[in-house]
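Heads up: the structure comes next, in structure tokens.
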Amino acid sequence: MNLTAILPTLLLLALALVMFGLGLSLSIDDFKRLREHPRSVLLALGLQTLVLPGMAYLLIILLGIQPVFAVGLMLLAASPGGVSANLFSHLFGGNVAMNISLTAVNTVLSIASLPLIANWAIATFVQSGQVVPLQFGKVVEVVGVILLPVVIGMLVRSKAPSFSERMGQPMKLFSALVLAAFTVLAIVKEWTALTASFTSLGPLVVAFNLISLLLGYYLSRWAGLNKPMATAISFEIGIHNSTLAIFVALSVLGNLQLALPAALYSVSMYITATLFGMLVLRRMAP
């Protein structure tokens, strides 16, 4: 069987398992905890749902990005924080509990926000029919691959907490491997297009990542939040679930070029997030 033909199905199954692993790390208390920090939650959600898509749009206009890649970046901007955000927050002194809580809420909100932003981007940047908007059936597919596995993972955690603890690290490793595998596949498949567009995509993706991290941290500090909370918000909105963006591009919209910004981002974000943590966070006074 042709790999290209089965790739969308493999990606769907892999992403469902990744979301199940996320569910294993969540509980109802994670949602309840948000009530203790209303200002932090409102700031983080406002940055995620309003500021980042607006910033991505400005970068697209300023850098003159090709329409198909513009839609790909908007997909990335609409994706919630990824599992890696929790890891970076832990490494650089963030409030990891807040990261987990925000990831849970952002993942649920993305069920509505991601299709809306994706269809707006398609209507705005691509009028040639090159990309088909998300229809109702495809939206249901996105909901299924995001929400249902997370809910199942949470149920498993509530019924078998010891199993969830044992599976925590293996599922994180699996998530990293899934991200790496599909990033490599997307890059190899569209190597010619990627190299031809690297001069525009590279600066775009790195700028988006760095600005997201910096906005999350400094706006949080400006709002009076402490350093651990600001660090958590910074990584939550600065490290996106690029696997989800790749899934929507490949399996839902059926266009591999749409996945290239997310594929390039999933590689570069590890470098930019590490440099951000080392050069900014470790130099800042608590």
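Ligands are numbered from 1 in the order shown, residues from 1 within each chain, and chains are lettered A, B, ... in the order they appear in the structure tokens.
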
Write out as an mmCIF file with N, CA and C atoms, in the first residue's frame which residues come within 7 Å of range 54-66 of chain A when counting only C-alpha atoms, dropping same-chain ones fewer than 5 positions away.
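Heads up, here's the output in around_10.cif:
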```cif
data_model
loop_
_atom_site.group_PDB
_atom_site.id
_atom_site.type_symbol
_atom_site.label_atom_id
_atom_site.label_comp_id
_atom_site.auth_asym_id
_atom_site.auth_seq_id
_atom_site.Cartn_x
_atom_site.Cartn_y
_atom_site.Cartn_z
ATOM 1 N N LEU A 73 0.369 28.878 8.516
ATOM 2 C CA LEU A 73 0.778 29.571 9.745
ATOM 3 C C LEU A 73 -0.433 29.888 10.620
ATOM 4 N N MET A 74 -1.546 30.257 10.008
ATOM 5 C CA MET A 74 -2.750 30.542 10.785
ATOM 6 C C MET A 74 -3.251 29.280 11.479
ATOM 7 N N ALA A 77 -1.073 28.997 14.485
ATOM 8 C CA ALA A 77 -1.429 29.991 15.498
ATOM 9 C C ALA A 77 -2.707 29.600 16.234
ATOM 10 N N SER A 200 11.580 32.457 2.960
ATOM 11 C CA SER A 200 10.413 33.159 3.502
ATOM 12 C C SER A 200 9.838 32.445 4.713
ATOM 13 N N LEU A 204 9.765 33.645 8.996
ATOM 14 C CA LEU A 204 8.378 33.719 9.441
ATOM 15 C C LEU A 204 8.140 32.857 10.671
ATOM 16 N N PHE A 208 7.577 34.179 14.506
ATOM 17 C CA PHE A 208 6.312 33.861 15.178
ATOM 18 C C PHE A 208 6.575 33.210 16.532
#
```

Counting only C-alpha atoms, which residues in range 78-106 of chain A sit no more than 10 Å from range 47-51 of chain A? For each one, give the nearest pair of atoms and the distance in Å, sorted by chain then residue number, as CSV.
```
residue,atom,partner,partner_atom,distance
A:Ala78,CA,A:Thr49,CA,7.1
A:Ser79,CA,A:Gln48,CA,8.8
A:Pro80,CA,A:Gln48,CA,7.6
A:Gly81,CA,A:Gln48,CA,8.7
A:Asn106,CA,A:Gln48,CA,8.0
```

Residues within 12 Å of Met229 in chain A, only C-alpha atoms, excluding chain neighbours under 5 positions, as a short mmCIF file (atom, residue, chain, number, x, y, z; two decimals) with all heavy atoms, in the first residue's frame:
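Saved as around_9.cif:
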```
data_model
loop_
_atom_site.label_atom_id
_atom_site.label_comp_id
_atom_site.auth_asym_id
_atom_site.auth_seq_id
_atom_site.Cartn_x
_atom_site.Cartn_y
_atom_site.Cartn_z
N HIS A 37 -6.75 31.59 39.77
CA HIS A 37 -5.90 32.59 39.09
C HIS A 37 -6.67 33.18 37.90
O HIS A 37 -6.25 33.02 36.74
CB HIS A 37 -4.61 31.94 38.60
CG HIS A 37 -3.85 31.21 39.66
ND1 HIS A 37 -3.04 31.86 40.57
CD2 HIS A 37 -3.77 29.89 39.97
CE1 HIS A 37 -2.50 30.98 41.38
NE2 HIS A 37 -2.93 29.78 41.05
N ARG A 39 -7.02 36.20 36.67
CA ARG A 39 -6.30 37.17 35.84
C ARG A 39 -5.32 36.46 34.91
O ARG A 39 -5.22 36.81 33.72
CB ARG A 39 -5.56 38.17 36.73
CG ARG A 39 -4.87 39.28 35.96
CD ARG A 39 -4.32 40.33 36.88
NE ARG A 39 -3.47 39.76 37.92
CZ ARG A 39 -2.70 40.49 38.71
NH1 ARG A 39 -2.68 41.81 38.59
NH2 ARG A 39 -1.96 39.92 39.64
N SER A 40 -4.62 35.46 35.43
CA SER A 40 -3.67 34.71 34.61
C SER A 40 -4.38 33.97 33.48
O SER A 40 -3.91 33.95 32.33
CB SER A 40 -2.91 33.70 35.48
OG SER A 40 -2.25 34.34 36.54
N VAL A 41 -5.52 33.38 33.80
CA VAL A 41 -6.27 32.61 32.81
C VAL A 41 -6.78 33.52 31.70
O VAL A 41 -6.64 33.22 30.51
CB VAL A 41 -7.43 31.86 33.48
CG1 VAL A 41 -8.31 31.19 32.42
CG2 VAL A 41 -6.90 30.82 34.45
N LEU A 43 -5.65 36.42 30.76
CA LEU A 43 -4.54 36.92 29.96
C LEU A 43 -4.06 35.85 28.98
O LEU A 43 -3.88 36.12 27.79
CB LEU A 43 -3.38 37.34 30.87
CG LEU A 43 -2.11 37.82 30.16
CD1 LEU A 43 -2.39 39.05 29.31
CD2 LEU A 43 -1.01 38.11 31.17
N ALA A 44 -3.86 34.62 29.47
CA ALA A 44 -3.36 33.55 28.61
C ALA A 44 -4.34 33.23 27.49
O ALA A 44 -3.94 33.06 26.32
CB ALA A 44 -3.10 32.30 29.45
N SER A 89 8.42 24.53 30.60
CA SER A 89 8.04 25.27 31.80
C SER A 89 8.71 24.67 33.04
O SER A 89 9.19 25.40 33.91
CB SER A 89 6.51 25.25 31.96
OG SER A 89 6.10 26.09 33.01
N HIS A 90 8.75 23.36 33.10
CA HIS A 90 9.41 22.68 34.23
C HIS A 90 10.91 22.99 34.24
O HIS A 90 11.49 23.27 35.30
CB HIS A 90 9.18 21.18 34.13
CG HIS A 90 9.97 20.38 35.12
ND1 HIS A 90 9.71 20.38 36.47
CD2 HIS A 90 11.05 19.55 34.94
CE1 HIS A 90 10.57 19.60 37.09
NE2 HIS A 90 11.39 19.09 36.18
N PHE A 92 12.51 25.56 33.15
CA PHE A 92 12.90 26.95 33.37
C PHE A 92 12.08 27.62 34.47
O PHE A 92 11.95 28.85 34.50
CB PHE A 92 12.79 27.73 32.06
CG PHE A 92 13.81 27.30 31.04
CD1 PHE A 92 13.46 26.50 29.97
CD2 PHE A 92 15.14 27.66 31.17
CE1 PHE A 92 14.39 26.09 29.04
CE2 PHE A 92 16.09 27.26 30.24
CZ PHE A 92 15.73 26.46 29.17
N GLY A 93 11.55 26.82 35.40
CA GLY A 93 10.96 27.37 36.61
C GLY A 93 9.55 27.90 36.49
O GLY A 93 9.15 28.77 37.28
N GLY A 94 8.78 27.40 35.53
CA GLY A 94 7.41 27.84 35.38
C GLY A 94 6.45 27.10 36.31
O GLY A 94 6.81 26.09 36.92
N ASN A 95 5.24 27.61 36.40
CA ASN A 95 4.19 26.97 37.17
C ASN A 95 3.56 25.88 36.30
O ASN A 95 2.64 26.13 35.53
CB ASN A 95 3.13 28.02 37.58
CG ASN A 95 2.10 27.46 38.53
OD1 ASN A 95 1.67 26.32 38.41
ND2 ASN A 95 1.68 28.28 39.48
N VAL A 96 4.08 24.65 36.44
CA VAL A 96 3.67 23.56 35.55
C VAL A 96 2.19 23.22 35.73
O VAL A 96 1.51 22.86 34.77
CB VAL A 96 4.55 22.32 35.77
CG1 VAL A 96 4.13 21.18 34.85
CG2 VAL A 96 6.02 22.66 35.53
N ALA A 97 1.69 23.33 36.96
CA ALA A 97 0.27 23.06 37.20
C ALA A 97 -0.60 23.98 36.35
O ALA A 97 -1.63 23.57 35.79
CB ALA A 97 -0.07 23.21 38.68
N MET A 98 -0.20 25.25 36.24
CA MET A 98 -0.94 26.18 35.41
C MET A 98 -0.82 25.81 33.93
O MET A 98 -1.79 25.92 33.17
CB MET A 98 -0.43 27.61 35.65
CG MET A 98 -1.11 28.67 34.79
SD MET A 98 -2.91 28.69 34.90
CE MET A 98 -3.14 29.20 36.60
N ASN A 99 0.36 25.36 33.52
CA ASN A 99 0.52 24.90 32.14
C ASN A 99 -0.47 23.78 31.81
O ASN A 99 -1.14 23.79 30.77
CB ASN A 99 1.94 24.38 31.89
CG ASN A 99 2.90 25.48 31.54
OD1 ASN A 99 3.74 25.84 32.35
ND2 ASN A 99 2.79 26.05 30.35
N LEU A 102 -4.01 25.20 31.62
CA LEU A 102 -4.23 26.00 30.41
C LEU A 102 -4.27 25.13 29.16
O LEU A 102 -5.05 25.39 28.24
CB LEU A 102 -3.13 27.06 30.29
CG LEU A 102 -3.20 28.22 31.27
CD1 LEU A 102 -1.97 29.11 31.13
CD2 LEU A 102 -4.47 29.04 31.08
N GLY A 216 4.18 36.48 25.71
CA GLY A 216 3.63 35.75 26.83
C GLY A 216 4.32 36.10 28.13
O GLY A 216 3.65 36.30 29.17
N TYR A 217 5.63 36.22 28.08
CA TYR A 217 6.38 36.50 29.32
C TYR A 217 6.24 37.96 29.76
O TYR A 217 5.84 38.25 30.90
CB TYR A 217 7.85 36.15 29.14
CG TYR A 217 8.63 36.31 30.44
CD1 TYR A 217 8.55 35.34 31.43
CD2 TYR A 217 9.39 37.44 30.68
CE1 TYR A 217 9.23 35.49 32.63
CE2 TYR A 217 10.08 37.60 31.87
CZ TYR A 217 10.00 36.62 32.84
OH TYR A 217 10.66 36.78 34.03
N TYR A 218 6.56 38.89 28.87
CA TYR A 218 6.64 40.29 29.29
C TYR A 218 5.27 40.92 29.53
O TYR A 218 5.12 41.78 30.41
CB TYR A 218 7.46 41.09 28.28
CG TYR A 218 8.94 40.81 28.41
CD1 TYR A 218 9.61 40.07 27.45
CD2 TYR A 218 9.65 41.26 29.51
CE1 TYR A 218 10.96 39.78 27.59
CE2 TYR A 218 11.01 40.99 29.66
CZ TYR A 218 11.66 40.25 28.69
OH TYR A 218 12.99 39.97 28.83
N LEU A 219 4.26 40.52 28.78
CA LEU A 219 2.92 41.03 29.06
C LEU A 219 2.41 40.50 30.40
O LEU A 219 1.70 41.20 31.13
CB LEU A 219 1.95 40.65 27.93
CG LEU A 219 2.09 41.45 26.64
CD1 LEU A 219 1.07 40.97 25.60
CD2 LEU A 219 1.91 42.95 26.89
N SER A 220 2.77 39.25 30.71
CA SER A 220 2.37 38.69 32.00
C SER A 220 3.06 39.42 33.15
O SER A 220 2.43 39.72 34.18
CB SER A 220 2.71 37.19 32.05
OG SER A 220 2.00 36.47 31.08
N ARG A 221 4.35 39.71 32.99
CA ARG A 221 5.07 40.45 34.04
C ARG A 221 4.52 41.88 34.16
O ARG A 221 4.38 42.41 35.27
CB ARG A 221 6.57 40.49 33.70
CG ARG A 221 7.23 39.13 33.75
CD ARG A 221 7.27 38.56 35.16
NE ARG A 221 8.43 39.05 35.90
CZ ARG A 221 8.59 38.92 37.21
NH1 ARG A 221 7.63 38.34 37.92
NH2 ARG A 221 9.68 39.37 37.81
N ALA A 223 1.55 42.74 33.64
CA ALA A 223 0.24 42.62 34.30
C ALA A 223 0.37 42.30 35.79
O ALA A 223 -0.63 42.19 36.48
CB ALA A 223 -0.60 41.55 33.61
N GLY A 224 1.61 42.15 36.28
CA GLY A 224 1.82 41.94 37.70
C GLY A 224 1.93 40.49 38.13
O GLY A 224 1.95 40.20 39.33
N SER A 234 4.10 32.05 29.07
CA SER A 234 4.99 32.23 27.92
C SER A 234 5.15 30.94 27.12
O SER A 234 4.99 30.94 25.89
CB SER A 234 6.36 32.71 28.40
OG SER A 234 7.26 32.81 27.34
N PHE A 235 5.43 29.84 27.80
CA PHE A 235 5.61 28.58 27.08
C PHE A 235 4.28 28.02 26.58
O PHE A 235 4.24 27.35 25.54
CB PHE A 235 6.33 27.56 27.96
CG PHE A 235 7.80 27.82 28.08
CD1 PHE A 235 8.39 28.11 29.30
CD2 PHE A 235 8.61 27.79 26.96
CE1 PHE A 235 9.75 28.35 29.40
CE2 PHE A 235 9.98 28.04 27.04
CZ PHE A 235 10.55 28.32 28.27
N GLU A 236 3.20 28.30 27.30
CA GLU A 236 1.91 27.78 26.87
C GLU A 236 1.49 28.38 25.53
O GLU A 236 0.96 27.68 24.67
CB GLU A 236 0.84 28.08 27.94
CG GLU A 236 -0.52 27.53 27.62
CD GLU A 236 -0.54 26.02 27.54
OE1 GLU A 236 0.25 25.37 28.25
OE2 GLU A 236 -1.35 25.48 26.75
N PRO A 286 13.76 36.93 40.09
CA PRO A 286 12.46 36.37 40.43
C PRO A 286 11.45 37.48 40.74
O PRO A 286 11.81 38.54 41.23
CB PRO A 286 12.75 35.54 41.68
CG PRO A 286 14.22 35.24 41.62
CD PRO A 286 14.84 36.43 40.97
#
```

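For the choices A:Ile28, A:Leu225, A:Val105, A:Leu116, the atom-to-atom distance to Pro53 in chain A is smallest for A:Leu116 when using only C-alpha atoms.
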
Close residues, Val68 in chain A itself excluded, 7 Å, only C-alpha atoms, min 2 positions apart in chain, as a PDB file with C-alpha atoms, in the first residue's frame:
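The result, written out as part.pdb:
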```
ATOM      1  CA  GLN A  66       2.577  32.777  -0.187  1.00  0.00           C
ATOM      2  CA  ALA A  70      -0.160  31.850   5.162  1.00  0.00           C
ATOM      3  CA  VAL A  71      -3.039  29.458   5.832  1.00  0.00           C
ATOM      4  CA  GLY A  72      -0.540  26.979   7.286  1.00  0.00           C
ATOM      5  CA  VAL A 126      -6.783  31.464  -0.899  1.00  0.00           C
ATOM      6  CA  GLN A 257       2.045  22.252   1.701  1.00  0.00           C
ATOM      7  CA  LEU A 258      -0.194  23.609   4.452  1.00  0.00           C
TER       8      LEU A 258
END
```

Pairwise distance, CA of Tyr270 in chain A with CA of Gly238 in chain A, equals 10.9 Å

Q.
Would you compute the distance between CA of Val18 in chain A and CA of Thr243 in chain A? Give it in Å to one decimal.
A.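 Interatomic distance, CA of Val18 in chain A to CA of Thr243 in chain A: 9.1 Å.
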
### Query
Which one of A:Ile237, A:Leu13, A:Ala232, A:Leu214 sits closest to Leu279 in chain A if you count only C-alpha atoms?
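Among the listed residues, the smallest separation from Leu279 in chain A belongs to A:Leu214.
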
query: What separation in Å, quoted to one decimal, exists between CA of Thr103 in chain A and CA of Gly23 in chain A?
result: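 A separation of 10.4 Å between them.
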
Of the residues A:Ala249, A:Met278, A:Leu22, A:Met269, which is the one nearest to Ser212 in chain A, using only C-alpha atoms?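 Checking each of A:Ala249, A:Met278, A:Leu22, A:Met269 against Ser212 in chain A, counting only C-alpha atoms, the winner is A:Met269.
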
Just want the 10 Å neighbourhood of Leu147 in chain A, counted on only C-alpha atoms, with same-chain residues fewer than 4 positions away dropped. Output as a list in words. Ala16, Met19, Phe20, Gly23, Ala104, Thr107, Val108, Ser110, Ile111, Val142, Val143, Val151, Ile152 and Gly153 of chain A

Those residues with C-alpha atoms, as a PDB file, in the first residue's frame please?
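Result written to again-v2.pdb:
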```pdb
ATOM      1  CA  ALA A  16      -5.511  10.398  18.942  1.00  0.00           C
ATOM      2  CA  MET A  19      -4.297  13.338  22.970  1.00  0.00           C
ATOM      3  CA  PHE A  20      -5.091  10.242  25.038  1.00  0.00           C
ATOM      4  CA  GLY A  23      -5.760  13.095  29.034  1.00  0.00           C
ATOM      5  CA  ALA A 104      -6.654  21.457  28.986  1.00  0.00           C
ATOM      6  CA  THR A 107      -7.442  22.175  23.807  1.00  0.00           C
ATOM      7  CA  VAL A 108     -11.186  22.293  24.433  1.00  0.00           C
ATOM      8  CA  SER A 110      -9.559  24.912  19.935  1.00  0.00           C
ATOM      9  CA  ILE A 111     -12.467  22.670  18.932  1.00  0.00           C
ATOM     10  CA  VAL A 142     -11.337  17.394  14.456  1.00  0.00           C
ATOM     11  CA  VAL A 143     -13.553  17.303  17.554  1.00  0.00           C
ATOM     12  CA  VAL A 151     -11.870  12.546  27.862  1.00  0.00           C
ATOM     13  CA  ILE A 152     -11.043   8.829  27.669  1.00  0.00           C
ATOM     14  CA  GLY A 153      -7.570   9.511  29.081  1.00  0.00           C
TER      15      GLY A 153
END
```
